[in-house]
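**Q** Quick one: structure below, then a few questions.
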Amino acid sequence: MNTVVDRSIDIGEFIAQPDDDMLICRCEEITKGEIRKAVHDGMWTLTEIRRYLRTGMGLCQGQTCSRLVKGIVARELGVSPAELEPATARSPMRPTEMRIFGTEEV
Amino acid sequence: MVMENKADVVIVGAGIIGCAISYYLSKRGKSVIVLEGSDNIGNGGSSRNGGGVRQSGRDPRELPLAMYGIKELWPTLSEELGVNCEYHKEGNLRLGKTPEHLKILQGLTDRAVACGLDVRMIDSDEVKEINPYLSDEVIGASWCPTDGHANPMVTTLAFYKKAREMGVRFITGEKVERLRKVKGRLRKVYTKENEYEGEFVVVAAGYESREILGTIGVDVPMHKELCECLVTEAEPHMFNQMLGTAEADFYGHQADHGSFVFGGMSGLELNNKDCGPVNSPSNAAITAPCICRGIMKYFPALEDAKIVRTWAGYLDICQDGVPVLGFVDEVPGLVVACAFSGHGFGIAPAVGEQLAMLIDEGKTAVDISGLRYGRFKAKI
Amino acid sequence: MKRYEVIIVGAGPAGLSAAIEAAKKGLKVVVFDENDKPGGQLFKQIHKFFGSKEHHAKIRGYKIGEELLKEAGELGVEVVLNATVVGLYPDKEVNVRINDEIHHFKGDTVIIATGASENMVTFPGWTLPGVIGAGAAQTMMNIHGIRPGKKILMLGSGNVGLVVSFQLLQAGCEVVAIVDAAPRIGGYGVHASKVSRTGVPFYLSHTIKQVHGEDCVTGVTITEVDDHFAPIPDTEKFFEVDTVCMAVGLSPMSQLLKMAGCVMEDNPKRGGQVPIVDEYGETSVSGIFAAGDVSGIEEASSAMIEGKMAGVCVAEYLGYIDEEEKDSLLKVFDADLNSLRQGMFAPKNRGKLIESTEEGIEISKNLLKKGYVKDDEIERFPGVVHKSGVHPVIECTQNIPCNPCQDACKKGCISTGKNITYLPFVKDGSECINCGMCVASCSGQAIFLVNEDCGDGSATVTLPYEFFPLPEVGTVGFGLSRKGEKLCEAEVVSVKSVGAFDHTNLLTMKVPKEYAMKARFFKCS
């Protein structure tokens with residue numbers, strides 16, 4: 001994407017919401033409030049959110065929550081979700097035991 | 001609001017080094033602009049490393065920085081930045097399985113002891129006492145009780161968060177194309193659309209520093225090598241030490257979260273084909289499996305741990321294996337902090353603090369003279 | 001390292017179609033699928049497909065799956081099951097987990113046909129056991145033979161929500177409501193109508209406020225929303241349920257493509273993160289193709305055509321056919337795909353409010369809001385005619401690319417006219433022999449055979465009936481309206497189940513003649 005973003009632009013104060021305690025990332029047990037708070041801490045990209053909070057880094061690798069997190073971050077920043085670049089896809093696509101992942105090349 | 005693109009210091013690169021320098025400069029009352037070429041803070045090695053906060057195994061030229069950081073900065077860093085950086089100071093084991101391994105470890109240990117570091121060789125019984133999960137094949141290790149590890153991604157973002165709160169202006173997606181001297185001093189930094197100006201310009205852009213510095217006629221002799229990491233699902237807590245091996249089969253630790261984070265290489269890195277952009281290289285298909293095999297040789301207990309993710313990152317490896325830090329005498333106003341060679345994370349807070357001091361006061365409290373630009377000479 | 005000419009990831013409709021097409025041209029093809037059964041979603045799809053013959057219309061999804069597998073097998077396609085592709089690396093290296101080993105393969109070409117995953121929406125209680133995806137419900141019912149719950153609320157009125165609701169009813173579950181935040185039903189009107197006539201209420205412009213329960217779902221509260229999707233106070237309605245199904249869209253499972261370095265885009269019209277592909281599915285990485293939902297959410301029918309296109313392109317890429325042959329094949333597939341992408345539900349019309357049909361007839365507003373066409377609205381549609389004796393009444397009121405009805409009638413009574421999307425009508429002077437083929441052939445279950453006046457004050461209505469137990473002749477129950485309300489007493493006078501109907505039973509009920517054009521479902525008393 002590489003658009004110039006000045007991280008000091010004012011996005012307003014963090015204002016608590018009644019459903020802030022709702023779980024969004026089930027694998028890592030991250031709530032909506034934590035995600036919203038992280039945006040106000042300066043985490044404006046899905047990659048930063050993920051590195052800061054671990055959203056989408058659990059067993060399902062964001063299959064369920066990445067869309068939800070995207071929506072929350074976009075709303076908090078006041079941008080369209082389509083403007084937020086999804087986090088990178090990583091091998092293995094399914095959790096794989098070390099002894100299996102380490103199979104010698106055949 | 002139109003912001004003026006001028007500050008006391010302009011930093012190129014928002015990795016942990018750039019973020020840390022900006023934080024410590026801001027603490028000293030300096031105004032700072034940080035320019036990051038990618039869309040994300042800490043997108044290079046800062047979020048792609050194994051999280052080691054080590055002194056052992058380091059070159060004597062950078063050891064003072066490592067020791068200083070562990071003594072003075074790391075213990076209170078989480079509190080200072082307001083984010084839990086998951087720092088553990090519970091020792092580093094560098095493992096050996098053969099007499100040749102022990103010889104390598106002994107050499108490293110002797111050098112570190114000479115610099116005043118508390119590190120010693122231990123036998124297999126003592127290794128087992130410290131970490132009972134290791135393979136019986138481990139016959140000895142070097143042990144540095146004051147080493148440890150932290151979460152590199154969170155630590156990088158913690159420096160960023162705190163610096164941003166203190167007024168440092170971070171601009172992402174702002175790739176620097178050119179540096180320029182004005183009236184005898186490096187002052188200007190140009191991106192595609194904009195120009196920025198500072199009394200000092202710090203270049204801390206990892207491997208990409210080389211190209212940027214080239215625009216002002218400064219060259220740091222370094223190359224890049226692809227290194228990979230993997231992370232497992234959360235496992236019950238087993239140990240808190242940082243681990244490595246004499247042959248560098250792998251390195252890593254168990255995070256607070258429970259997952260194991262290990263890094264390593266396949267051995268083919270020098271001649272690997274290009275795996276893509278510096279900010280998001282692809283994994284090589286053979287590396288992570290190789291790291292797994294390395295781990296299982298030392299940690300058979302982990303063979304059923306499930307890997308959930310692997311990733312790759314480039315090391316910016318300096319000709320002589322230690323970073324280039326500080327002023328460049330021939331270009332007043334320029335400060336370099338790059339070529340960390342794969343072990344920059346652990347010394348990042350100390351580098352940040354000391355370079356901020358250097359910019360503010362013209363001197364450092366820790367001797368970094370061995371890391372200066374201009375130390376590279378032909379062999380004869 | 002073992003190398004294949006083409007490695008296909010995903011043995012669903014797109015992957016299998018690609019494999020068949022490539023194998024037909026002489027390529028050695030391998031298909032990896034992480035499931036223990038091939039077919040992707042096809043084997044969960046027990047309903048009849050829409051479209052034309054070329055699109056496998058009026059054939060049930062699982063039968064299409066069986067046909068594709070058989071054809072692939074005959075052509076020597078190697079389908080490897082329980083084979084999870086864990087990574088797609090530079091140089092088209094594919095790492096596959098098979099049993100307890102990772103195998104490294106290279107492909108001269110790779111076709112990614114990994115499909116999609118279900119979206120979720122959040123509300124308090126969304127993580128409780130009992131809140132599941134509609135696709136998951138479908139898997140439980142149609143693959144494993146397990147009822148997902150007893151009383152179920154469906155969130156989402158797109159085709160998935162409607163089709164799965166009907167399947168839940170078929171499985172013997174009670175569907176208490178279909179809820180959607182949108183102001184209009186998203187799926188085909190005929191799917192909505194077949195659910196509605198069993199008595200399931202629709203709540204459009206409603207959303208879930210909360211799912212109740214401690215350890216599992218015990219109930220759900222919905223609330224009406226305004227034009228901006230904000231809840232309207234004091235509009236809450238509570239339902240006692242044990243399961244909440246979410247059918248709120250699908251997201252392409254495009255991670256492998258992203259990992260392989262294909263240029264991606266975030267395209268809401270395609271359902272999310274998709275590779276940028278040319279018109280035949282080739283990504284920015286030469287030799288890597290994408291087909292089916294992974295490159296944009298659509299129907300299985302279009303996924304099959306996209307698969308064929310990728311198969312043909314791969315054959316040309318590797319020199320098995322020349323460009324001329326490729327172009328002539330692609331031309332045919334293009335036309336097929338184009339005909340599927342017609343009508344009011346075409347991708348280009350997504351999100352648009354369409355108020356009248358291509359024929360210029362006003363769309364039933366009630367259908368879009370409540371799921372059924374009102375008695376005073378139905379008469380304006382061309383398939384609804386009055387005649388003496390038994391004759392078809394075709395309650396097809398939206399332009400959908402589908403035409404099995406016109407081929408079903410051996411007497412040629414039914415026509416959709418020159419365009420596949422046109423509303424079918426009953427030809428003047430045609431003679432209905434009461435064979436029932438039209439009723440059974442309509443994938444939307446929208447055709448009825450009606451004798452409006454049997455001469456004794458009664459009328460008969462023959463309707464498609466896909467529920468167990470099948471009522472016996474002589475059973476007395478109720479005739480239900482299009483809304484599912486009891487209208488009158490009804491007696492079953494005939495039940496026909498023949499092979500040609502393909503499991504759509506034809507139930508004929510006798511009702512007082514004033515209900516001939518109103519009673520559309522039978523319920524035992």
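Please note that chains go A, B, ... in the order of the structure tokens, that every chain numbers its residues from 1, and that ligands are numbered from 1 in the order shown.
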So which bits of stretch 9-120 of chain C end up strand (DSSP E) when you DSSP the backbone, as a PyMOL selection string?
**A** chain C and resi 9+29-32+78-80+83-89+93-98+101-112+116-118
**Q** Considering only C-alpha atoms, return as a short mmCIF file (atom, residue, chain, number, x, y, z; two decimals) with N, CA and C atoms, in the first residue's frame whatever protein or nucleic-acid residues lie within 8 Å of B:Arg180, sequence-local ones (same chain, fewer than 6 positions apart) excluded.
**A**
data_model
loop_
_atom_site.label_atom_id
_atom_site.label_comp_id
_atom_site.auth_asym_id
_atom_site.auth_seq_id
_atom_site.Cartn_x
_atom_site.Cartn_y
_atom_site.Cartn_z
N LEU B 186 24.93 17.71 7.02
CA LEU B 186 23.79 16.94 6.56
C LEU B 186 22.54 17.43 7.29
N ARG B 187 21.58 17.92 6.51
CA ARG B 187 20.38 18.46 7.15
C ARG B 187 19.09 17.91 6.54
N LYS B 188 19.14 17.64 5.24
CA LYS B 188 17.88 17.38 4.56
C LYS B 188 17.69 15.91 4.19
N VAL B 189 16.43 15.52 4.30
CA VAL B 189 16.04 14.16 3.97
C VAL B 189 14.87 14.26 2.98
N TYR B 190 15.02 13.61 1.84
CA TYR B 190 13.97 13.69 0.83
C TYR B 190 13.25 12.35 0.68
N THR B 215 23.57 7.78 -0.85
CA THR B 215 23.23 9.05 -1.49
C THR B 215 24.04 10.21 -0.94
N ILE B 216 24.75 9.94 0.17
CA ILE B 216 25.61 10.99 0.72
C ILE B 216 27.08 10.55 0.70
#
**Q** Could you please determine the separation between atom CA of A:Gly62 and atom CA of A:Ile100 in Å, to one decimal place?
**A** 22.6 Å
**Q** Using only C-alpha atoms, which residues of chain C come within 10 Å of chain A, and what is the closest atom pair for each, with the distance in Å to one decimal? Give it as JSON lines, sorted by chain and residue number.
**A**
{"residue": "C:Met1", "atom": "CA", "partner": "A:Val106", "partner_atom": "CA", "distance": 6.3}
{"residue": "C:Lys2", "atom": "CA", "partner": "A:Val106", "partner_atom": "CA", "distance": 8.2}
{"residue": "C:Glu34", "atom": "CA", "partner": "A:Arg94", "partner_atom": "CA", "distance": 9.8}
{"residue": "C:Thr84", "atom": "CA", "partner": "A:Arg94", "partner_atom": "CA", "distance": 7.7}
{"residue": "C:Val85", "atom": "CA", "partner": "A:Met93", "partner_atom": "CA", "distance": 7.2}
{"residue": "C:Val86", "atom": "CA", "partner": "A:Pro92", "partner_atom": "CA", "distance": 4.4}
{"residue": "C:Gly87", "atom": "CA", "partner": "A:Ser91", "partner_atom": "CA", "distance": 5.1}
{"residue": "C:Leu88", "atom": "CA", "partner": "A:Ser91", "partner_atom": "CA", "distance": 8.0}
{"residue": "C:Tyr89", "atom": "CA", "partner": "A:Ser91", "partner_atom": "CA", "distance": 9.1}
{"residue": "C:Asn95", "atom": "CA", "partner": "A:Pro92", "partner_atom": "CA", "distance": 8.9}
{"residue": "C:Val96", "atom": "CA", "partner": "A:Pro92", "partner_atom": "CA", "distance": 9.6}
{"residue": "C:Arg97", "atom": "CA", "partner": "A:Ile100", "partner_atom": "CA", "distance": 7.9}
{"residue": "C:Ile98", "atom": "CA", "partner": "A:Ile100", "partner_atom": "CA", "distance": 9.5}
{"residue": "C:Asn99", "atom": "CA", "partner": "A:Ile100", "partner_atom": "CA", "distance": 9.0}
{"residue": "C:Asp100", "atom": "CA", "partner": "A:Ile100", "partner_atom": "CA", "distance": 5.7}
{"residue": "C:Glu101", "atom": "CA", "partner": "A:Ile100", "partner_atom": "CA", "distance": 5.2}
{"residue": "C:Ile102", "atom": "CA", "partner": "A:Thr103", "partner_atom": "CA", "distance": 5.7}
{"residue": "C:His103", "atom": "CA", "partner": "A:Val106", "partner_atom": "CA", "distance": 6.5}
{"residue": "C:His104", "atom": "CA", "partner": "A:Glu105", "partner_atom": "CA", "distance": 6.4}
{"residue": "C:Phe105", "atom": "CA", "partner": "A:Val106", "partner_atom": "CA", "distance": 8.8}
{"residue": "C:Ser117", "atom": "CA", "partner": "A:Gln63", "partner_atom": "CA", "distance": 7.6}
{"residue": "C:Glu118", "atom": "CA", "partner": "A:Thr64", "partner_atom": "CA", "distance": 7.8}
{"residue": "C:Asn119", "atom": "CA", "partner": "A:Thr64", "partner_atom": "CA", "distance": 6.8}
{"residue": "C:Met120", "atom": "CA", "partner": "A:Thr64", "partner_atom": "CA", "distance": 6.9}
{"residue": "C:Val121", "atom": "CA", "partner": "A:Leu68", "partner_atom": "CA", "distance": 7.3}
{"residue": "C:Thr122", "atom": "CA", "partner": "A:Ile24", "partner_atom": "CA", "distance": 7.5}
{"residue": "C:Phe123", "atom": "CA", "partner": "A:Met22", "partner_atom": "CA", "distance": 7.7}
{"residue": "C:Pro124", "atom": "CA", "partner": "A:Met22", "partner_atom": "CA", "distance": 6.4}
{"residue": "C:Gly125", "atom": "CA", "partner": "A:Met22", "partner_atom": "CA", "distance": 8.2}
{"residue": "C:Trp126", "atom": "CA", "partner": "A:Leu23", "partner_atom": "CA", "distance": 8.6}
{"residue": "C:Thr127", "atom": "CA", "partner": "A:Leu23", "partner_atom": "CA", "distance": 7.5}
{"residue": "C:Ser251", "atom": "CA", "partner": "A:Arg67", "partner_atom": "CA", "distance": 8.6}
{"residue": "C:Met253", "atom": "CA", "partner": "A:Gln63", "partner_atom": "CA", "distance": 8.3}
{"residue": "C:Ser254", "atom": "CA", "partner": "A:Ala89", "partner_atom": "CA", "distance": 8.8}
{"residue": "C:Gln255", "atom": "CA", "partner": "A:Ala89", "partner_atom": "CA", "distance": 5.2}
{"residue": "C:Leu256", "atom": "CA", "partner": "A:Ala89", "partner_atom": "CA", "distance": 7.2}
{"residue": "C:Leu257", "atom": "CA", "partner": "A:Ala89", "partner_atom": "CA", "distance": 8.7}
{"residue": "C:Lys258", "atom": "CA", "partner": "A:Ala89", "partner_atom": "CA", "distance": 6.2}
{"residue": "C:Met259", "atom": "CA", "partner": "A:Ala89", "partner_atom": "CA", "distance": 5.4}
{"residue": "C:Ala260", "atom": "CA", "partner": "A:Ala89", "partner_atom": "CA", "distance": 9.2}
{"residue": "C:Gly261", "atom": "CA", "partner": "A:Ala89", "partner_atom": "CA", "distance": 9.9}
{"residue": "C:Met264", "atom": "CA", "partner": "A:Glu85", "partner_atom": "CA", "distance": 9.7}
{"residue": "C:Glu265", "atom": "CA", "partner": "A:Glu85", "partner_atom": "CA", "distance": 8.7}
{"residue": "C:Asp266", "atom": "CA", "partner": "A:Ala82", "partner_atom": "CA", "distance": 5.5}
{"residue": "C:Asn267", "atom": "CA", "partner": "A:Ala82", "partner_atom": "CA", "distance": 7.0}
{"residue": "C:Pro268", "atom": "CA", "partner": "A:Ala82", "partner_atom": "CA", "distance": 7.2}
{"residue": "C:Gly272", "atom": "CA", "partner": "A:Ala82", "partner_atom": "CA", "distance": 8.2}
{"residue": "C:Gln273", "atom": "CA", "partner": "A:Pro86", "partner_atom": "CA", "distance": 7.8}
**Q** For C-alpha atoms, I'd like the residues from the last selection saved as a short mmCIF file (atom, residue, chain, number, x, y, z; two decimals), in the first residue's frame.
**A**
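Result saved to out_10.cif:
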data_model
loop_
_atom_site.label_atom_id
_atom_site.label_comp_id
_atom_site.auth_asym_id
_atom_site.auth_seq_id
_atom_site.Cartn_x
_atom_site.Cartn_y
_atom_site.Cartn_z
CA MET C 1 11.82 -33.37 -5.53
CA LYS C 2 8.73 -34.73 -7.24
CA GLU C 34 -7.24 -31.44 3.46
CA THR C 84 -3.09 -30.34 3.88
CA VAL C 85 -1.14 -27.85 1.87
CA VAL C 86 0.73 -25.95 4.57
CA GLY C 87 2.71 -23.63 2.36
CA LEU C 88 3.21 -22.32 -1.15
CA TYR C 89 6.78 -21.12 -1.59
CA ASN C 95 4.51 -28.33 1.02
CA VAL C 96 1.82 -30.84 1.81
CA ARG C 97 1.14 -32.63 5.03
CA ILE C 98 0.10 -36.19 4.29
CA ASN C 99 -0.36 -38.39 7.32
CA ASP C 100 2.64 -37.71 9.54
CA GLU C 101 4.97 -36.24 6.97
CA ILE C 102 5.48 -33.03 5.09
CA HIS C 103 6.06 -33.69 1.41
CA HIS C 104 7.70 -31.15 -0.85
CA PHE C 105 6.42 -31.01 -4.41
CA SER C 117 -14.60 -19.60 5.10
CA GLU C 118 -17.59 -18.30 6.98
CA ASN C 119 -17.82 -14.81 8.37
CA MET C 120 -18.94 -14.08 11.89
CA VAL C 121 -20.53 -11.03 13.42
CA THR C 122 -20.16 -10.16 17.06
CA PHE C 123 -22.75 -9.49 19.73
CA PRO C 124 -22.72 -10.25 23.43
CA GLY C 125 -22.78 -14.02 23.68
CA TRP C 126 -21.41 -14.73 20.21
CA THR C 127 -18.73 -17.01 21.61
CA SER C 251 -14.42 -14.72 2.99
CA MET C 253 -9.40 -18.40 1.91
CA SER C 254 -6.68 -16.76 -0.11
CA GLN C 255 -3.78 -17.05 2.34
CA LEU C 256 -1.76 -19.43 0.17
CA LEU C 257 -1.89 -16.97 -2.71
CA LYS C 258 -0.80 -14.16 -0.49
CA MET C 259 2.01 -16.30 0.84
CA ALA C 260 3.09 -17.11 -2.71
CA GLY C 261 3.55 -13.42 -3.37
CA MET C 264 -3.74 -9.12 -3.69
CA GLU C 265 -6.49 -6.60 -3.30
CA ASP C 266 -9.16 -5.99 -0.77
CA ASN C 267 -12.33 -6.12 -2.77
CA PRO C 268 -15.61 -6.03 -0.86
CA GLY C 272 -12.54 -9.69 0.91
CA GLN C 273 -8.86 -10.35 0.28
#
**Q** Please find the residues of chain B near chain C - the criterion being any atom within 9 Å, counting only C-alpha atoms - and write them as an MDAnalysis selection string.
**A** chainID B and resid 275:276 282:285
**Q** Which polymer residues have any atom within 10 Å of an atom of B:Phe170, counting only C-alpha atoms, with same-chain residues fewer than 5 positions away left out, as a list in words?
**A**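 The contact residues come out as Val5, Asp6, Arg7, Ser8, Ile9 and Gly42 of chain A; Ile11, Gly13, Ala14, Cys19, Ser22, Val32, Ile33, Val34, Leu35, Glu36, Ile41, Tyr160, Ala163 and Arg164 of chain B.
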**Q** I need the alpha helix (DSSP H) residues of chain A per DSSP on the backbone, written as an NGL selection string.
**A** :A and (32-40 or 46-53 or 66-77 or 98-101)
**Q** Pick out the chain B residues within 6 Å of chain A. Count only C-alpha atoms. Give them as a list of chain:residue names.
**A**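 Therefore, the residues near the partner are B:Asp39, B:Met153, B:Val154, B:Lys161, B:Arg169, B:Phe170, B:Ile171, B:Thr172, B:Gly173, B:Glu174, B:Pro289, B:Cys292, B:Arg293, B:Glu303, B:Asp304, B:Ala305, B:Lys306, B:Ile307, B:Val308, B:Arg309, B:Thr310.
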**Q** Near C:Glu431, counting only C-alpha atoms, which residues have an atom at most 9 Å away, once you skip same-chain residues fewer than 4 positions from it, shown as number ranges by chain?
**A** C: 391, 411-413
**Q** Export N, CA and C atoms of the chosen residues as a short mmCIF file (atom, residue, chain, number, x, y, z; two decimals), in the first residue's frame?
**A**
data_model
loop_
_atom_site.label_atom_id
_atom_site.label_comp_id
_atom_site.auth_asym_id
_atom_site.auth_seq_id
_atom_site.Cartn_x
_atom_site.Cartn_y
_atom_site.Cartn_z
N HIS C 391 -53.38 -27.42 -14.35
CA HIS C 391 -52.43 -26.60 -15.11
C HIS C 391 -51.32 -26.10 -14.17
N LYS C 411 -44.68 -31.61 -23.03
CA LYS C 411 -45.70 -31.05 -23.92
C LYS C 411 -45.36 -29.62 -24.35
N GLY C 412 -44.27 -29.13 -23.84
CA GLY C 412 -43.84 -27.79 -24.23
C GLY C 412 -44.72 -26.67 -23.70
N CYS C 413 -45.33 -26.89 -22.54
CA CYS C 413 -46.24 -25.87 -21.99
C CYS C 413 -45.50 -24.63 -21.47
#
**Q** Find the spatial neighbours of B:Pro221, counting only C-alpha atoms, within a cut-off of 9 Å - ignore same-chain residues fewer than 3 positions away - and output them as a ChimeraX atom specification.
**A** /B:210,317-320,339,376
**Q** Restricting the calculation to only C-alpha atoms, which member of B:Gly374, B:Gly267, B:Gly15, B:Gly116 is positioned closest to B:Gly45?
**A**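 Among the listed residues, the smallest separation from B:Gly45 belongs to B:Gly15.
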**Q** At what distance in Å, to one decimal, does atom CA of B:Cys229 lie from atom CA of B:Gly82?
**A**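 About the pair atom CA of B:Gly82 and atom CA of B:Cys229: they are 27.1 Å apart.
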**Q** Mind pulling up the distance from atom CA of B:Leu371 to atom CA of B:Ser280?
**A**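 Straight-line distance from atom CA of B:Ser280 to atom CA of B:Leu371 works out to 28.4 Å.
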